[in-house]
file final.txt (compact mmCIF, C-alpha atoms)
# COMPACT_ATOMS: atom_id res chain seq x y z
CA MET A 12 -50.43 -4.43 -30.27
CA LYS A 13 -50.47 -7.16 -27.60
CA LYS A 14 -53.21 -9.00 -29.53
CA LEU A 15 -51.17 -8.85 -32.73
CA LEU A 16 -48.08 -10.16 -30.93
CA LEU A 17 -50.14 -12.94 -29.29
CA CYS A 18 -51.58 -13.99 -32.70
CA PHE A 19 -48.06 -14.04 -34.14
CA LEU A 20 -46.76 -16.24 -31.30
CA VAL A 21 -49.68 -18.69 -31.58
CA SER A 22 -49.22 -18.94 -35.37
CA ALA A 23 -45.47 -19.43 -35.03
CA SER A 24 -46.02 -22.13 -32.39
CA LEU A 25 -48.50 -24.00 -34.57
CA ILE A 26 -46.18 -23.91 -37.57
CA ALA A 27 -43.20 -25.01 -35.50
CA CYS A 28 -45.12 -27.96 -34.00
CA THR A 29 -46.48 -29.22 -37.31
CA ASN A 30 -44.68 -32.29 -38.72
CA GLN A 31 -42.96 -31.31 -41.93
CA GLU A 32 -43.29 -33.96 -44.62
CA THR A 33 -40.00 -34.83 -46.21
CA LYS A 34 -40.38 -35.21 -49.92
CA THR A 35 -37.96 -37.25 -51.93
CA GLU A 36 -38.12 -37.65 -55.63
CA ALA A 37 -37.19 -40.93 -57.23
CA LYS A 38 -35.37 -40.53 -60.46
CA ILE A 39 -37.12 -42.62 -63.07
CA GLU A 40 -35.15 -43.67 -66.09
CA THR A 41 -37.15 -42.98 -69.20
CA THR A 42 -34.87 -44.31 -71.87
CA GLY A 43 -37.36 -46.88 -73.14
CA SER A 44 -38.51 -46.90 -76.73
CA VAL A 45 -41.22 -48.16 -79.06
CA THR A 46 -40.65 -49.27 -82.63
CA THR A 47 -42.73 -50.72 -85.42
CA THR A 48 -39.77 -51.97 -87.47
CA GLY A 49 -36.68 -54.07 -86.92
CA PRO A 50 -35.66 -57.67 -86.31
CA ASP A 51 -37.98 -58.21 -83.32
CA VAL A 52 -41.01 -56.98 -85.27
CA ASP A 53 -39.91 -59.17 -88.20
CA LEU A 54 -39.70 -62.19 -85.87
CA MET A 55 -43.29 -61.69 -84.69
CA LYS A 56 -44.48 -61.30 -88.30
CA LYS A 57 -42.60 -64.45 -89.34
CA SER A 58 -44.13 -66.44 -86.51
CA PHE A 59 -47.63 -65.58 -87.72
CA THR A 60 -46.74 -66.26 -91.34
CA TYR A 61 -45.33 -69.66 -90.40
CA PHE A 62 -48.49 -70.38 -88.39
CA ALA A 63 -50.75 -69.29 -91.25
CA ASN A 64 -48.86 -71.49 -93.72
CA ALA A 65 -48.61 -74.49 -91.37
CA ASP A 66 -44.79 -74.28 -91.41
CA TRP A 67 -44.39 -75.89 -88.00
CA THR A 68 -40.62 -76.36 -88.16
CA ASN A 69 -39.89 -72.69 -88.77
CA LEU A 70 -42.58 -71.63 -86.30
CA ALA A 71 -40.83 -73.66 -83.58
CA LEU A 72 -37.48 -72.04 -84.48
CA CYS A 73 -38.93 -68.61 -83.60
CA TYR A 74 -39.23 -69.66 -79.95
CA ALA A 75 -36.71 -70.32 -77.19
CA ASP A 76 -36.64 -73.92 -75.94
CA SER A 77 -38.27 -72.91 -72.64
CA ALA A 78 -40.94 -70.67 -74.22
CA LYS A 79 -44.52 -70.92 -72.99
CA ALA A 80 -47.82 -69.95 -74.57
CA PHE A 81 -50.75 -68.58 -72.56
CA HIS A 82 -53.84 -68.71 -74.81
CA ASN A 83 -56.78 -66.71 -73.39
CA VAL A 84 -55.52 -67.00 -69.79
CA TRP A 85 -53.60 -64.81 -67.39
CA PRO A 86 -50.03 -65.99 -66.86
CA SER A 87 -49.50 -66.96 -63.24
CA LYS A 88 -46.46 -67.62 -61.08
CA SER A 89 -48.57 -69.64 -58.65
CA ASP A 90 -50.30 -71.83 -61.26
CA THR A 91 -47.67 -73.26 -63.55
CA THR A 92 -50.24 -75.29 -65.51
CA VAL A 93 -51.67 -72.31 -67.43
CA GLY A 94 -48.54 -71.93 -69.54
CA VAL A 95 -48.16 -74.56 -72.24
CA ASN A 96 -44.90 -75.56 -73.90
CA VAL A 97 -44.78 -74.20 -77.46
CA GLN A 98 -44.23 -77.70 -78.91
CA ASN A 99 -47.52 -78.82 -77.32
CA ILE A 100 -49.30 -75.78 -78.74
CA ILE A 101 -47.94 -76.60 -82.21
CA GLU A 102 -49.25 -80.18 -81.90
CA GLY A 103 -52.69 -78.71 -81.17
CA PHE A 104 -52.36 -76.38 -84.18
CA LYS A 105 -51.58 -79.37 -86.39
CA LYS A 106 -54.81 -81.12 -85.37
CA GLN A 107 -56.79 -77.93 -85.81
CA ARG A 108 -55.26 -77.35 -89.24
CA GLU A 109 -56.66 -80.68 -90.46
CA LEU A 110 -60.08 -78.99 -90.27
CA ILE A 111 -59.07 -75.97 -92.39
CA ASP A 112 -59.12 -75.87 -96.18
CA GLY A 113 -55.82 -74.34 -97.30
CA ASN A 114 -53.88 -71.73 -95.37
CA ILE A 115 -55.05 -69.09 -92.95
CA ILE A 116 -55.26 -65.61 -94.45
CA LEU A 117 -53.57 -62.83 -92.48
CA GLY A 118 -55.32 -59.49 -92.86
CA ARG A 119 -54.79 -56.08 -91.36
CA SER A 120 -52.17 -55.91 -88.64
CA ILE A 121 -50.29 -53.65 -86.25
CA TYR A 122 -46.95 -54.66 -84.72
CA GLU A 123 -44.81 -52.90 -82.13
CA VAL A 124 -41.90 -53.68 -79.83
CA VAL A 125 -41.42 -51.82 -76.57
CA THR A 126 -37.92 -51.73 -75.10
CA MET A 127 -38.01 -50.99 -71.38
CA PRO A 128 -35.38 -48.88 -69.59
CA ASP A 129 -33.84 -52.09 -68.20
CA GLY A 130 -33.41 -53.48 -71.75
CA ASN A 131 -36.26 -56.02 -71.60
CA LYS A 132 -38.34 -56.15 -74.79
CA TYR A 133 -42.03 -56.88 -75.21
CA GLY A 134 -43.81 -57.20 -78.52
CA HIS A 135 -47.48 -56.59 -79.23
CA ASN A 136 -49.61 -57.17 -82.24
CA TRP A 137 -53.18 -56.84 -83.37
CA LEU A 138 -53.96 -59.09 -86.29
CA GLU A 139 -56.93 -60.13 -88.37
CA MET A 140 -57.10 -63.79 -89.48
CA SER A 141 -59.60 -65.60 -91.67
CA TRP A 142 -60.02 -69.12 -93.01
CA THR A 143 -62.43 -71.55 -94.58
CA SER A 144 -63.12 -74.87 -92.93
CA LYS A 145 -63.21 -78.10 -94.89
CA LYS A 146 -66.99 -77.97 -94.33
CA GLY A 147 -67.03 -74.67 -96.28
CA VAL A 148 -67.68 -72.46 -93.24
CA ASN A 149 -65.80 -69.14 -93.14
CA GLY A 150 -64.16 -68.07 -89.92
CA LYS A 151 -62.56 -64.84 -88.81
CA MET A 152 -60.95 -63.45 -85.69
CA VAL A 153 -58.97 -60.52 -84.43
CA ILE A 154 -56.18 -61.57 -82.15
CA PHE A 155 -54.14 -59.50 -79.72
CA SER A 156 -50.79 -60.97 -78.71
CA SER A 157 -48.01 -60.06 -76.35
CA PHE A 158 -44.53 -61.56 -76.71
CA GLY A 159 -41.32 -61.63 -74.74
CA PHE A 160 -37.86 -61.69 -76.33
CA ASN A 161 -34.54 -63.03 -75.10
CA LYS A 162 -31.04 -61.79 -75.89
CA ASP A 163 -30.69 -64.48 -78.60
CA GLY A 164 -33.54 -63.00 -80.64
CA LYS A 165 -36.04 -65.74 -79.76
CA LEU A 166 -39.57 -65.46 -78.41
CA THR A 167 -39.81 -66.44 -74.73
CA PHE A 168 -43.58 -66.30 -74.35
CA HIS A 169 -46.68 -65.79 -76.46
CA TRP A 170 -49.81 -64.49 -74.80
CA PRO A 171 -52.67 -64.26 -77.31
CA ILE A 172 -56.18 -63.10 -76.46
CA TYR A 173 -58.97 -63.82 -78.97
CA ASP A 174 -62.62 -64.78 -79.36
CA THR A 175 -62.91 -68.53 -79.96
CA LYS A 176 -66.43 -68.60 -81.44
CA ASP A 177 -65.28 -69.20 -85.04
CA VAL A 178 -62.54 -71.63 -83.95
CA VAL A 179 -65.13 -73.76 -82.16
CA ASN A 180 -67.12 -73.93 -85.43
CA LEU A 181 -64.27 -75.87 -87.06
CA LYS A 182 -65.33 -79.11 -85.35
call {"tool": "encode", "arguments": {"input": "final.txt", "output": "structure tokens"}}
result
Amino acid sequence: MKKLLLCFLVSASLIACTNQETKTEAKIETTGSVTTTGPDVDLMKKSFTYFANADWTNLALCYADSAKAFHNVWPSKSDTTVGVNVQNIIEGFKKQRELIDGNIILGRSIYEVVTMPDGNKYGHNWLEMSWTSKKGVNGKMVIFSSFGFNKDGKLTFHWPIYDTKDVVNLK
């Protein structure tokens, strides 16, 4: 009996001396949503259609004045040179378009817009493009893009990732 009582006292002492971890649960708002339709999806689609048809004026109207493009690079807060003003990107597109015969053909695509719990919206698309150069060489790429939206329904950034091998062949 004394041994049983001694074991009980030792166990109780060990439990009493052990630091108890305090667990707190953070409440996470999960009111975000994903959609494949609506005005934000339409805006992304329009921007690619304007690009494909070399409609530079309407393409520029899709973007906020301060919008930046980050082609095949990681956006960075410490290196402000990686983001390029959309007007400068369009000037580059104009020069590139001089090497293409006709318009770019938009193929299969997927578009989505994610609305975060804080109301911020991010668009994503996967899109197939093809073209023929003025030299008669066919080119094709699949492009993944991420977009930001502002409250005025304009694009605030465009972050496309794509393989440039067929673009390089335009020259």
call {"tool": "atom_distance", "arguments": {"input": "final.txt", "atom1": "atom CA of Gln107 of chain A", "atom2": "atom CA of Asp177 of chain A"}}
result
12.2 Å
call {"tool": "closest_residue", "arguments": {"input": "final.txt", "among": "A:Phe104, A:Tyr61, A:Phe155, A:Tyr122", "to": "Tyr173 of chain A", "atoms": "all atoms listed in the file"}}
result
A:Phe155
call {"tool": "closest_atom_pairs", "arguments": {"input": "final.txt", "of": "segment 92-114 of chain A", "to": "segment 70-84 of chain A", "cutoff": "6 Å", "atoms": "all atoms listed in the file", "output": "CSV"}}
result
residue,atom,partner,partner_atom,distance
A:Gly94,CA,A:Phe81,CA,5.0
A:Val95,CA,A:Ala80,CA,5.2
A:Asn96,CA,A:Lys79,CA,4.7
A:Val97,CA,A:Lys79,CA,5.6
call {"tool": "closest_residue", "arguments": {"input": "final.txt", "among": "A:Val179, A:Val125, A:Leu54, A:Ile154", "to": "Thr42 of chain A", "atoms": "all atoms listed in the file"}}
result
A:Val125
call {"tool": "residues_around", "arguments": {"input": "final.txt", "residues": "Lys151 of chain A", "least_positions_apart": "6", "cutoff": "9 Å", "atoms": "all atoms listed in the file", "output": "list in words"}}
result
Glu139, Met140, Ser141, Trp142, Thr143, Asp177 and Val178 of chain A
call {"tool": "write_last_selection", "arguments": {"input": "final.txt", "atoms": "C-alpha atoms", "output": "compact mmCIF listing (two decimals), in the frame of the given file"}}
result
# COMPACT_ATOMS: atom_id res chain seq x y z
CA GLU A 139 -56.93 -60.13 -88.37
CA MET A 140 -57.10 -63.79 -89.48
CA SER A 141 -59.60 -65.60 -91.67
CA TRP A 142 -60.02 -69.12 -93.01
CA THR A 143 -62.43 -71.55 -94.58
CA ASP A 177 -65.28 -69.20 -85.04
CA VAL A 178 -62.54 -71.63 -83.95
call {"tool": "closest_residue", "arguments": {"input": "final.txt", "among": "A:Ala63, A:Leu181, A:Leu138, A:Ile172", "to": "Asn114 of chain A", "atoms": "all atoms listed in the file"}}
result
A:Ala63
call {"tool": "atom_distance", "arguments": {"input": "final.txt", "atom1": "atom CA of Ser156 of chain A", "atom2": "atom CA of His169 of chain A"}}
result
6.7 Å
call {"tool": "atom_distance", "arguments": {"input": "final.txt", "atom1": "atom CA of Met55 of chain A", "atom2": "atom CA of Glu123 of chain A"}}
result
9.3 Å
call {"tool": "residues_around", "arguments": {"input": "final.txt", "residues": "Ala65 of chain A", "least_positions_apart": "5", "cutoff": "10 Å", "atoms": "all atoms listed in the file", "output": "ChimeraX atom specification"}}
result
/A:59-60,70,101,104-105,108,113-115
call {"tool": "closest_residue", "arguments": {"input": "final.txt", "among": "A:Pro171, A:Gly134, A:Met152, A:Ser157", "to": "Asp53 of chain A", "atoms": "only C-alpha atoms"}}
result
A:Gly134
call {"tool": "closest_residue", "arguments": {"input": "final.txt", "among": "A:Asp112, A:Asp90, A:Asp163, A:Asp66", "to": "Ser144 of chain A", "atoms": "all atoms listed in the file"}}
result
A:Asp112
call {"tool": "closest_residue", "arguments": {"input": "final.txt", "among": "A:Ser44, A:Thr91, A:Thr68, A:Asn180", "to": "Tyr133 of chain A", "atoms": "all atoms listed in the file"}}
result
A:Ser44
